[in-house]
Each structure stands twice: as C-alpha cells, then as structure tokens.
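> So here's query00.txt (compact mmCIF, C-alpha atoms).
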# COMPACT_ATOMS: atom_id res chain seq x y z
CA HIS A 1 -31.58 -26.40 -20.55
CA GLY A 2 -35.17 -27.51 -21.03
CA GLU A 3 -37.40 -29.49 -18.70
CA GLY A 4 -36.36 -32.98 -17.70
CA GLU A 5 -32.98 -34.51 -17.05
CA ASN A 6 -32.53 -35.80 -20.59
CA GLY A 7 -33.37 -32.67 -22.54
CA ARG A 8 -30.85 -31.23 -24.98
CA SER A 9 -29.14 -28.10 -23.76
CA ASP A 10 -30.78 -24.98 -25.18
CA SER A 11 -27.88 -22.60 -24.64
CA MET A 12 -24.20 -23.30 -23.97
CA ILE A 13 -22.05 -20.33 -23.03
CA LEU A 14 -18.49 -20.37 -21.75
CA CYS A 15 -17.86 -17.47 -19.37
CA SER A 16 -14.28 -16.41 -18.68
CA VAL A 17 -13.68 -13.98 -15.80
CA ASP A 18 -10.34 -12.14 -15.65
CA THR A 19 -10.11 -10.38 -12.29
CA GLY A 20 -6.79 -8.81 -13.26
CA SER A 21 -8.06 -6.90 -16.30
CA LYS A 22 -11.62 -6.79 -14.90
CA SER A 23 -13.09 -8.37 -18.01
CA VAL A 24 -15.83 -10.94 -18.57
CA THR A 25 -15.87 -12.86 -21.86
CA LEU A 26 -19.00 -14.73 -22.98
CA ILE A 27 -18.56 -17.30 -25.78
CA SER A 28 -21.60 -19.08 -27.24
CA PHE A 29 -21.15 -22.55 -28.70
CA LEU A 30 -23.90 -23.14 -31.26
CA ARG A 31 -26.10 -26.16 -30.63
CA ASP A 32 -25.69 -27.65 -34.09
CA ILE A 33 -21.89 -27.87 -34.19
CA TYR A 34 -21.12 -31.41 -35.38
CA LEU A 35 -18.18 -32.83 -33.45
CA ARG A 36 -16.74 -35.73 -31.47
CA ILE A 37 -18.53 -36.57 -28.24
CA PRO A 38 -16.38 -38.78 -25.96
CA GLY A 39 -17.77 -42.31 -25.87
CA HIS A 40 -20.57 -41.54 -28.34
CA GLY A 41 -19.01 -40.98 -31.76
CA SER A 42 -19.99 -37.80 -33.60
CA SER A 43 -23.16 -35.77 -33.16
CA ARG A 44 -24.48 -32.27 -32.52
CA LEU A 45 -23.02 -30.48 -29.51
CA ASN A 46 -26.29 -30.21 -27.60
CA ALA A 47 -26.67 -34.02 -27.65
CA SER A 48 -23.71 -34.27 -25.26
CA TYR A 49 -25.79 -32.76 -22.46
CA SER A 50 -28.70 -35.14 -22.99
CA TRP A 51 -26.31 -38.13 -22.93
CA GLY A 52 -24.09 -37.17 -20.03
CA GLY A 53 -25.13 -33.88 -18.49
CA ALA A 54 -22.81 -30.98 -17.83
CA GLU A 55 -19.83 -33.28 -17.25
CA LEU A 56 -19.98 -34.82 -20.74
CA LEU A 57 -20.56 -31.37 -22.27
CA LYS A 58 -17.45 -30.17 -20.43
CA GLN A 59 -15.43 -33.15 -21.73
CA THR A 60 -16.71 -32.51 -25.27
CA LEU A 61 -15.53 -28.89 -25.20
CA GLU A 62 -12.16 -30.00 -23.84
CA GLU A 63 -11.64 -32.64 -26.54
CA ASN A 64 -12.74 -30.50 -29.48
CA PHE A 65 -11.66 -27.00 -28.50
CA GLY A 66 -8.97 -27.47 -25.85
CA VAL A 67 -10.79 -25.35 -23.26
CA THR A 68 -11.38 -26.42 -19.66
CA ALA A 69 -14.33 -25.15 -17.63
CA ASP A 70 -13.36 -24.74 -13.97
CA VAL A 71 -17.01 -24.54 -12.91
CA THR A 72 -20.17 -25.86 -14.55
CA LEU A 73 -23.53 -24.16 -13.94
CA GLU A 74 -26.92 -25.33 -15.19
CA ILE A 75 -30.18 -23.44 -14.91
CA ASP A 76 -33.56 -24.21 -16.44
CA PHE A 77 -36.01 -21.81 -18.07
CA GLU A 78 -38.00 -21.12 -14.90
CA GLY A 79 -34.86 -20.45 -12.88
CA PHE A 80 -33.56 -18.12 -15.59
CA GLN A 81 -36.76 -16.07 -15.40
CA ASN A 82 -36.72 -15.95 -11.61
CA VAL A 83 -33.14 -14.68 -11.38
CA ILE A 84 -33.95 -11.85 -13.81
CA ASP A 85 -37.07 -10.98 -11.82
CA HIS A 86 -35.05 -10.93 -8.58
CA LEU A 87 -32.85 -8.25 -10.15
CA GLY A 88 -35.86 -6.26 -11.33
CA GLY A 89 -35.57 -7.06 -15.05
CA VAL A 90 -33.10 -6.13 -17.78
CA ASP A 91 -32.86 -3.43 -20.46
CA ILE A 92 -32.72 -4.85 -24.00
CA ASP A 93 -32.60 -3.02 -27.33
CA LEU A 94 -35.20 -4.63 -29.64
CA THR A 95 -35.53 -4.39 -33.40
CA ASP A 96 -38.94 -3.77 -34.99
CA GLU A 97 -39.10 -7.42 -36.00
CA GLU A 98 -38.20 -8.71 -32.53
CA ALA A 99 -40.75 -6.45 -30.81
CA ASP A 100 -43.52 -7.44 -33.24
CA HIS A 101 -42.69 -11.14 -32.89
CA LEU A 102 -42.81 -11.01 -29.09
CA ASN A 103 -46.00 -8.93 -29.02
CA ASN A 104 -47.80 -11.24 -31.45
CA GLY A 105 -46.94 -14.28 -29.38
CA HIS A 106 -47.82 -12.87 -25.96
CA GLY A 107 -49.96 -9.75 -26.30
CA TRP A 108 -47.25 -7.47 -24.91
CA THR A 109 -46.72 -3.83 -25.95
CA LEU A 110 -42.97 -3.87 -26.57
CA HIS A 111 -41.51 -1.43 -29.10
CA ALA A 112 -38.40 -0.94 -31.21
CA GLY A 113 -35.55 0.43 -29.10
CA VAL A 114 -34.68 -0.14 -25.45
CA ASN A 115 -37.30 -2.02 -23.43
CA HIS A 116 -37.22 -3.07 -19.77
CA LEU A 117 -37.97 -6.81 -19.89
CA ASP A 118 -39.10 -9.00 -17.01
CA GLY A 119 -37.98 -12.62 -16.69
CA GLN A 120 -40.70 -14.07 -18.94
CA GLN A 121 -40.06 -11.50 -21.65
CA ALA A 122 -36.27 -11.91 -21.47
CA LEU A 123 -36.63 -15.69 -21.81
CA ALA A 124 -38.96 -15.32 -24.81
CA TYR A 125 -36.48 -12.90 -26.41
CA SER A 126 -33.60 -15.33 -25.77
CA ARG A 127 -35.50 -18.16 -27.45
CA ILE A 128 -36.64 -16.40 -30.65
CA ARG A 129 -35.78 -18.90 -33.36
CA TYR A 130 -37.84 -18.14 -36.47
CA LEU A 131 -36.84 -14.59 -37.37
CA ASP A 132 -33.31 -15.34 -38.50
CA SER A 133 -30.68 -17.96 -37.57
CA ASP A 134 -29.08 -19.56 -34.53
CA PHE A 135 -26.19 -17.11 -34.95
CA TYR A 136 -28.55 -14.24 -34.07
CA ARG A 137 -30.32 -16.33 -31.45
CA THR A 138 -27.12 -16.84 -29.48
CA GLU A 139 -26.38 -13.13 -29.84
CA ARG A 140 -29.72 -12.41 -28.17
CA GLN A 141 -28.79 -14.78 -25.35
CA ARG A 142 -25.49 -12.96 -24.84
CA ASN A 143 -27.36 -9.62 -24.91
CA VAL A 144 -29.49 -10.81 -21.99
CA LEU A 145 -26.49 -12.09 -20.02
CA THR A 146 -24.62 -8.84 -20.66
CA ALA A 147 -27.62 -6.83 -19.41
CA LEU A 148 -27.99 -9.19 -16.45
CA LEU A 149 -24.33 -8.80 -15.46
CA THR A 150 -24.58 -5.02 -15.78
CA THR A 151 -27.68 -4.97 -13.55
CA TYR A 152 -25.99 -7.34 -11.08
CA GLY A 153 -22.94 -5.10 -10.87
CA SER A 154 -24.98 -1.97 -10.19
CA ALA A 155 -27.33 -3.60 -7.68
CA GLY A 156 -27.11 -2.77 -4.00
CA TYR A 157 -25.35 -5.30 -1.79
CA LEU A 158 -28.52 -6.85 -0.33
CA GLU A 159 -30.22 -6.94 -3.74
CA MET A 160 -27.14 -8.69 -5.14
CA LEU A 161 -27.19 -11.25 -2.30
CA ASN A 162 -30.91 -11.94 -2.86
CA ALA A 163 -30.33 -12.49 -6.60
CA THR A 164 -27.34 -14.74 -5.87
CA ASP A 165 -29.42 -16.79 -3.42
CA ALA A 166 -32.14 -17.14 -6.07
CA PHE A 167 -29.59 -18.34 -8.59
CA LEU A 168 -28.03 -20.85 -6.16
CA ASP A 169 -31.52 -22.08 -5.28
CA GLN A 170 -32.47 -22.80 -8.87
CA SER A 171 -29.22 -23.91 -10.47
CA THR A 172 -27.08 -27.04 -10.42
CA SER A 173 -23.29 -27.02 -10.29
CA ASP A 174 -20.23 -29.20 -9.74
CA HIS A 175 -19.26 -26.75 -6.95
CA THR A 176 -20.83 -26.10 -3.55
CA ASP A 177 -23.05 -23.09 -2.82
CA GLU A 178 -20.31 -21.71 -0.56
CA GLU A 179 -17.74 -21.87 -3.38
CA LEU A 180 -20.15 -20.26 -5.85
CA LEU A 181 -21.02 -17.49 -3.39
CA ALA A 182 -17.31 -16.69 -3.06
CA TYR A 183 -17.05 -16.43 -6.87
CA ALA A 184 -20.17 -14.24 -6.98
CA LEU A 185 -18.79 -11.84 -4.38
CA GLU A 186 -15.49 -11.62 -6.25
CA LEU A 187 -17.36 -10.89 -9.49
CA TYR A 188 -19.51 -8.25 -7.78
CA SER A 189 -16.45 -6.53 -6.32
CA MET A 190 -14.85 -5.96 -9.75
CA MET A 191 -17.96 -4.67 -11.50
CA ASP A 192 -17.44 -0.99 -10.78
CA SER A 193 -15.25 -0.80 -13.90
CA PHE A 194 -15.52 -4.08 -15.80
CA GLU A 195 -15.73 -4.81 -19.53
CA ILE A 196 -17.87 -7.47 -21.22
CA VAL A 197 -16.66 -9.08 -24.45
CA THR A 198 -18.80 -11.54 -26.43
CA HIS A 199 -18.03 -14.10 -29.16
CA ARG A 200 -19.56 -17.18 -30.73
CA ILE A 201 -18.25 -20.47 -32.12
CA PRO A 202 -18.26 -20.95 -35.11
CA ALA A 203 -16.87 -17.48 -35.71
CA ASP A 204 -17.58 -15.64 -38.97
CA GLY A 205 -15.80 -17.27 -41.91
CA THR A 206 -14.94 -20.48 -40.10
Rewrite the structure from the file as structure tokens, please.

Amino acid sequence: HGEGENGRSDSMILCSVDTGSKSVTLISFLRDIYLRIPGHGSSRLNASYSWGGAELLKQTLEENFGVTADVTLEIDFEGFQNVIDHLGGVDIDLTDEEADHLNNGHGWTLHAGVNHLDGQQALAYSRIRYLDSDFYRTERQRNVLTALLTTYGSAGYLEMLNATDAFLDQSTSDHTDEELLAYALELYSMMDSFEIVTHRIPADGT
C-alpha cells in the first residue's frame, strides 16, 4: 500500500500455498472491482483498505468471493524495495515498451529481454500504469513476486533468514513474527521443486 495509514491499497494479491503438491498460487484482485464492502455499501475494492485496513479488505473478499485469508500481510513501497535488495534483486523479462518507459523516467539503461532489477527498479516496473491497463499492471506485479519467490527458494539459508528478517521488520500482519517465521521456513523447505501458478480477478471473459 502507499504511504500513510489511510491510503488505498495499491496491490492486493491472495497467495495460496499447498505444501502437499508443492504449489504456490498468486491471485490478483484488481483495484477497481466494484463490490459490496461490509458496513460501507458498494465501492471499489481498494477503498476497503483505506476504510478498515487489512481486516476490512479480508472481510470484503470473504463476503464477495467466499475466500478466507488465514494470514494478512501488508508492506509499503519502501519495504518492498528493501526486501528485493536483501535478496540481491530479481530477473524480469521486459518488453521494448516497458524498458523504454522505465529508462525515460529514471535514466536507467534497461533493455528488452531479461534484466536484473534492484528494488527501486522492480517497484517502478510493478507500478507502470500508462502503457496498457490494470490487467497488465497486476501481471507485472505477479511477475515480480514469482521472481522474488524463485530467488528466495534458491537463496542460501543465511541469505534467506536475512531476507525474512527484513520482511518481518518492514511489514505488518495479524500474526506474530514467530508464526510468520515458521511459515517462511516451511515455504523455503518446499522450494526445491515447487510450482507457481498465477491468476487475476476478474478473469478473461467475466
């Protein structure tokens, strides 16, 4: 989410971890979905965060989509950058248009194809909003998370612990740091042969 307690959430992604099949599913919920927000009538999905934080966002997803989030995690832009930097950056495949857009805005020398992005660059890529639509924007966000998970899974044990500490330091949750660390270790242990699946809501044709 953006700066300040009352900002609207910038990205809302439901992550489902199946330790049995060793799969991680990332589902983006687009910000502009118009739906029922408990106690507030109808509005855009990202308004639920500004009105009631992660708890109201969780309730909104439950009421409208029938899904329950066991854990809520919030991280701001600066924290997002820092976690990526702790893991040494991420590899992202850029189009010509994306590379040109990022270079023009920041003076970087990115190119079409796979680029190794640091935290600032990965955040800028995740927030591109004028090239196409929010459908593609959320796909870019899932691309970064997929790359981040892949890097996390291949990191050495101490590197993984340092990145986890950085995330716990700069995020907010409805669970304790000890509980989240246990989840992180379980996730790390299954990443030798895991699969990442991504979706978005609304899906095509709906």
> Smallest atom-to-atom distance to Leu87 in chain A: which of A:Tyr152, A:Phe167, A:Phe194, A:Tyr188, using all atoms listed in the file?
A:Tyr152
> Between CA of Asp165 in chain A and CA of Val17 in chain A, what distance in Å does the model show, to one decimal?
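Result for CA of Asp165 in chain A versus CA of Val17 in chain A: 20.2 Å, one decimal.
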> Just the number, please: distance in Å from CA of Ser23 in chain A to CA of Arg127 in chain A, one decimal.
26.2 Å
> Adding 3 Å on each side of the box along x, y and z that holds all listed atoms of range 88-103 of chain A, could you give its centre and edge lengths in Å to one decimal, as AutoDock Vina command-line options?

--center_x -39.3 --center_y -7.1 --center_z -23.7 --size_x 19.4 --size_y 14.1 --size_z 30.7
> Would you list the residues near (-31.2, -17.6, -30.3), meaning any protein, DNA or RNA residue with an atom at most 6 Å from that point in file coordinates, counting only C-alpha atoms, as an mmCIF file with C-alpha atoms, in the frame of the given file?

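So point.cif came out as:
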data_model
loop_
_atom_site.group_PDB
_atom_site.id
_atom_site.type_symbol
_atom_site.label_atom_id
_atom_site.label_comp_id
_atom_site.auth_asym_id
_atom_site.auth_seq_id
_atom_site.Cartn_x
_atom_site.Cartn_y
_atom_site.Cartn_z
ATOM 1 C CA SER A 126 -33.600 -15.330 -25.770
ATOM 2 C CA ARG A 127 -35.500 -18.160 -27.450
ATOM 3 C CA ILE A 128 -36.640 -16.400 -30.650
ATOM 4 C CA ARG A 129 -35.780 -18.900 -33.360
ATOM 5 C CA ASP A 134 -29.080 -19.560 -34.530
ATOM 6 C CA TYR A 136 -28.550 -14.240 -34.070
ATOM 7 C CA ARG A 137 -30.320 -16.330 -31.450
ATOM 8 C CA THR A 138 -27.120 -16.840 -29.480
ATOM 9 C CA ARG A 140 -29.720 -12.410 -28.170
#
> Starting from the point (-36.0, -16.1, -19.1), work out which residues of protein, DNA or RNA have an atom no more than 6 Å away when counting all atoms listed in the file; state them as a compact mmCIF listing (two decimals) with C-alpha atoms, in the coordinates of the input.

# COMPACT_ATOMS: atom_id res chain seq x y z
CA PHE A 77 -36.01 -21.81 -18.07
CA PHE A 80 -33.56 -18.12 -15.59
CA GLN A 81 -36.76 -16.07 -15.40
CA GLY A 119 -37.98 -12.62 -16.69
CA GLN A 120 -40.70 -14.07 -18.94
CA ALA A 122 -36.27 -11.91 -21.47
CA LEU A 123 -36.63 -15.69 -21.81
> Which residues come within 10 Å of Ala203 in chain A, counting all atoms listed in the file, excluding same-chain residues fewer than 6 positions away, as a VMD selection string?
chain A and resid 28 to 29 135
> Can those selected residues be exported to a file as a PDB file, in the frame of the given file so that it contains C-alpha atoms?

ATOM      1  CA  SER A  28     -21.600 -19.080 -27.240  1.00  0.00           C
ATOM      2  CA  PHE A  29     -21.150 -22.550 -28.700  1.00  0.00           C
ATOM      3  CA  PHE A 135     -26.190 -17.110 -34.950  1.00  0.00           C
TER       4      PHE A 135
END
> Taking 4 positions as the minimum chain separation for residues in the same chain, which residues sit within 9 Å of Lys22 in chain A when counting only C-alpha atoms? Answer as a list in words.
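Here the qualifying residues turn out to be Val17, Asp18, Leu187, Met190, Met191, Ser193, Phe194, Glu195 and Ile196 of chain A.
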> Skipping near chain neighbours, those fewer than 2 positions away, what residues fall within 8 Å of range 58-69 of chain A using all atoms listed in the file, listed as a list in words?
Leu14, Leu35, Arg36, Ile37, Pro38, Leu45, Ser48, Ala54, Glu55, Leu56, Val71 and Thr72 of chain A
> Keeping only C-alpha atoms, write the selected residues to a file as a CSV table (one decimal), in the frame of the given file.

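Saved the output as again15.csv:
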chain,number,residue,atom,x,y,z
A,14,LEU,CA,-18.5,-20.4,-21.8
A,35,LEU,CA,-18.2,-32.8,-33.4
A,36,ARG,CA,-16.7,-35.7,-31.5
A,37,ILE,CA,-18.5,-36.6,-28.2
A,38,PRO,CA,-16.4,-38.8,-26.0
A,45,LEU,CA,-23.0,-30.5,-29.5
A,48,SER,CA,-23.7,-34.3,-25.3
A,54,ALA,CA,-22.8,-31.0,-17.8
A,55,GLU,CA,-19.8,-33.3,-17.2
A,56,LEU,CA,-20.0,-34.8,-20.7
A,71,VAL,CA,-17.0,-24.5,-12.9
A,72,THR,CA,-20.2,-25.9,-14.6
> At a cut-off of 12 Å, using all atoms listed in the file, what residues contact Ala124 in chain A? Leave out same-chain residues fewer than 6 positions from it and give the result as a PyMOL selection string.
chain A and resi 77-78+80-81+98-99+101-106+108+117-118+137+140-141+144
> Compare A:Met12, A:Leu161, A:Ala47, A:Leu148 by their minimum atom-to-atom distance to Leu180 in chain A, counting only C-alpha atoms, and give me the closest one.
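When distances to Leu180 in chain A are compared using only C-alpha atoms, the smallest one comes from A:Leu161.
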> What's the separation between CA of Asp93 in chain A and CA of Gly113 in chain A, in Å to one decimal place?
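About the pair CA of Asp93 in chain A and CA of Gly113 in chain A: they are 4.9 Å apart.
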> Find, counting all atoms listed in the file, the residue in A:Ser189, A:Gln170, A:Ser11, A:Ser16 that gets nearest to Tyr49 in chain A.
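Closest candidate: A:Ser11.
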> Within 6 Å of range 173-179 of chain A, counting all atoms listed in the file, which residues qualify if same-chain residues fewer than 2 places away don't, as a PyMOL selection string?
chain A and resi 72-73+181-182
